[in-house]
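Everything on this sheet refers to the single structure shown next.
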Amino acid sequence: MSRAAQDLELIRRIAGGDEAALRALLAAHQARVYRFALRLVGNTAVAEEVMNEVFLEVWRNAGRFEGASAPSTWILSIAHNRAVSRLRKRREESWNEDAADALPDSADDPEVAMQKADKGAILRLCLDKLSPEHKAVIDLVYYHELSVNEVSEVLKIPENTVKTRMFYARKRLSELLKGAGVDRGWP
Amino acid sequence: MSEPSLKDMEREEIEMLLPWYVTGRLDAADLAKVEAYLAAHPEMAGQLVLAQAERDETVGANEALGVPSPAATERLLASLPAGRPGWAALRAVRSGLQQIGDLLAAPTANAVRWTALAAAVLIAVQGVTIVSLLHERAGTYQTASGGPAGEGIAVLVTFADDAKATAISQLLSDLDASIVDGPKAGGVYKIRQRTEDRSAAARAALMQQLSERRDIVRAVLPSRD
């Protein structure tokens, strides 16, 4: 049975109030949901809250899930909504930093990293510097390995917009790398 | 400013599709389009390398974030209404026994026969353990969360689809742990580490050790006991 088919069966059982099924769904998806949220909101405690909100929503709305998309796409879609709500709320509360700047600056600036001469590390740091919007599309494509259509469902934007957003996220990444002294020769 | 040529537009279209090309998530039509273009334009190989590096570092950045704390998951589960242990849980365990068969069958498709045989023996032992466990508890069965509470540290795990039984067995042995229940729905097993240290730190350490073995363990979740 494929992962998607297993998830579908779990969601059917969750709709019937089966807590063991929710535990199984958690075991399969919680790390990825948590990481997706954390990359967007930049705070582990908030990311855990988002993750819990996601699975509570799954628990409550499993009966309404019609299976039009893969369960994992549905779950990531909820996670994206919740994370974006948190970011919006943060902006409304005038937390004096832009979300991108509030991300965990766990290591050095790109310039400092460059001194360490680790191209991979610089690329990773620059990925961290992307806006939440660009980071979301990059993560959904490269880490969660969603198709164009699935990213479109999660972000609720047309497929062509998915492609152009990804394109501009990558261009922005090149700009950040250039600022750190790494010229990729593209675009 | 001049209009972009058809040639430029075609190139840009391919560039837009490259990320999905490296993750293998293009549909057939787009895949054929990208492959044809790459074959005709070998200079695009460098672009492909860029996209692959982006993918690798994105995966690395995500994996480095670790897993949510056990406390967070406990909070979620505690906020749910009480579960329904009766028939639903029993059905879950029964369907799980079928998954032993699936796990048993899995290596045969990919490995040489002796590996499959070794895996079969190990899985059979685990299966016997599980059946014995269920038998012992038959008179007092209450929930699907088996195993004697209060001894060692229990956590819930799911194993990677391609994890070999030999590797699972070795990992459990290294951690001085054993499977005490499962598979439950979704292929979830409960494992218990034999230790007198039942602190939150010890539990977190065990979960970290398990989650680091992504070649074997797909996911780790705290158990209620």
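Chain labels A, B, ... are given in the sequence in which chains occur in the structure tokens; within each chain residues are numbered consecutively from 1, and ligands are likewise numbered from 1 in the order shown.
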
Residue set, segment 6-108 of chain A restricted to helix (DSSP H, G or I), as a ChimeraX atom specification: /A:6-15,19-41,44-64,71-92,99-102

Test item: residues at most 8 Å from Ala31 of chain A, only C-alpha atoms, excluding those fewer than 5 positions along its chain, as a ChimeraX atom specification: /B:66-68,219

Nearby residues (only C-alpha atoms) at most 12 Å from Gly16 of chain A, same-chain spacing under 4 positions excluded, as an MDAnalysis selection string: (chainID A and resid 9:12 20:22 59:64) or (chainID B and resid 83:84 88)

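Candidate residues B:Asp215, B:Leu76, B:Pro70, B:Ala28 were compared for distance to Glu19 of chain A, and the nearest is B:Leu76, using only C-alpha atoms.
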
Pick from A:Ala70, A:Val84, A:Leu173, A:Ala15 nearest to chain B, counting only C-alpha atoms: A:Leu173

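Closest approach to Ile78 of chain A among A:Glu66, A:Glu159, A:Asp139, A:Glu153 is made by A:Glu153 (distances from only C-alpha atoms).
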
Within 7 Å of chain B: residues of chain A, using only C-alpha atoms, as a list in words: Gln6, Asp18, Glu19, Ala20, Ala21, Ala24, Ala27, Ala28, Ala31, Tyr34, Arg35, Glu48, Asn52, Gly120, Leu123, Arg124, Asp139, Val141, Tyr142, Tyr143, Glu145, Leu146, Ser147, Lys163, Thr164 and Phe167 of chain A

Could you save the residues just selected, with N, CA and C atoms, as a compact mmCIF listing (two decimals), in the first residue's frame?
# COMPACT_ATOMS: atom_id res chain seq x y z
N GLN A 6 -2.14 4.67 2.57
CA GLN A 6 -2.14 4.46 4.03
C GLN A 6 -2.69 5.70 4.75
N ASP A 18 -10.77 7.63 15.79
CA ASP A 18 -9.74 6.67 16.17
C ASP A 18 -8.42 7.41 16.48
N GLU A 19 -8.10 7.50 17.76
CA GLU A 19 -6.91 8.23 18.18
C GLU A 19 -5.62 7.53 17.74
N ALA A 20 -5.67 6.20 17.70
CA ALA A 20 -4.48 5.46 17.26
C ALA A 20 -4.12 5.84 15.82
N ALA A 21 -5.15 6.08 15.02
CA ALA A 21 -4.89 6.48 13.63
C ALA A 21 -4.24 7.86 13.58
N ALA A 24 -0.65 7.46 14.38
CA ALA A 24 0.08 6.92 13.23
C ALA A 24 0.33 8.02 12.19
N ALA A 27 3.06 10.19 13.48
CA ALA A 27 4.37 9.56 13.35
C ALA A 27 4.91 9.71 11.94
N ALA A 28 4.01 9.65 10.98
CA ALA A 28 4.45 9.72 9.58
C ALA A 28 4.76 11.14 9.12
N ALA A 31 7.31 15.40 11.73
CA ALA A 31 8.62 16.03 11.57
C ALA A 31 8.62 16.97 10.37
N TYR A 34 6.49 20.06 11.12
CA TYR A 34 7.21 20.91 12.06
C TYR A 34 8.31 21.70 11.34
N ARG A 35 9.08 21.00 10.51
CA ARG A 35 10.17 21.67 9.81
C ARG A 35 9.65 22.72 8.84
N GLU A 48 6.05 24.48 16.91
CA GLU A 48 5.38 23.36 17.57
C GLU A 48 3.89 23.65 17.75
N ASN A 52 0.85 21.49 16.14
CA ASN A 52 -0.28 20.96 16.91
C ASN A 52 -1.61 21.46 16.35
N GLY A 120 28.73 24.99 0.27
CA GLY A 120 27.44 24.44 0.67
C GLY A 120 26.85 25.19 1.84
N LEU A 123 25.46 28.50 0.67
CA LEU A 123 24.18 28.30 -0.02
C LEU A 123 23.07 28.10 1.01
N ARG A 124 23.37 27.31 2.03
CA ARG A 124 22.35 27.03 3.05
C ARG A 124 21.98 28.30 3.82
N ASP A 139 11.09 25.02 -0.31
CA ASP A 139 10.98 23.83 0.55
C ASP A 139 9.98 22.82 -0.02
N VAL A 141 9.14 22.33 -3.04
CA VAL A 141 9.66 21.66 -4.24
C VAL A 141 10.82 20.73 -3.91
N TYR A 142 11.82 21.27 -3.24
CA TYR A 142 13.05 20.50 -3.05
C TYR A 142 13.00 19.52 -1.87
N TYR A 143 12.39 19.92 -0.78
CA TYR A 143 12.40 19.03 0.41
C TYR A 143 11.17 18.12 0.44
N GLU A 145 9.23 17.63 -2.08
CA GLU A 145 9.18 17.00 -3.40
C GLU A 145 7.77 16.98 -3.98
N LEU A 146 7.09 18.11 -3.89
CA LEU A 146 5.75 18.21 -4.47
C LEU A 146 5.86 18.59 -5.94
N SER A 147 4.87 18.16 -6.69
CA SER A 147 4.79 18.54 -8.11
C SER A 147 4.31 19.98 -8.22
N LYS A 163 5.47 28.24 -10.90
CA LYS A 163 6.73 28.17 -11.66
C LYS A 163 7.49 29.49 -11.60
N THR A 164 6.77 30.59 -11.77
CA THR A 164 7.48 31.88 -11.76
C THR A 164 7.98 32.22 -10.36
N PHE A 167 11.05 30.34 -9.83
CA PHE A 167 12.09 30.94 -10.67
C PHE A 167 12.67 32.17 -9.98
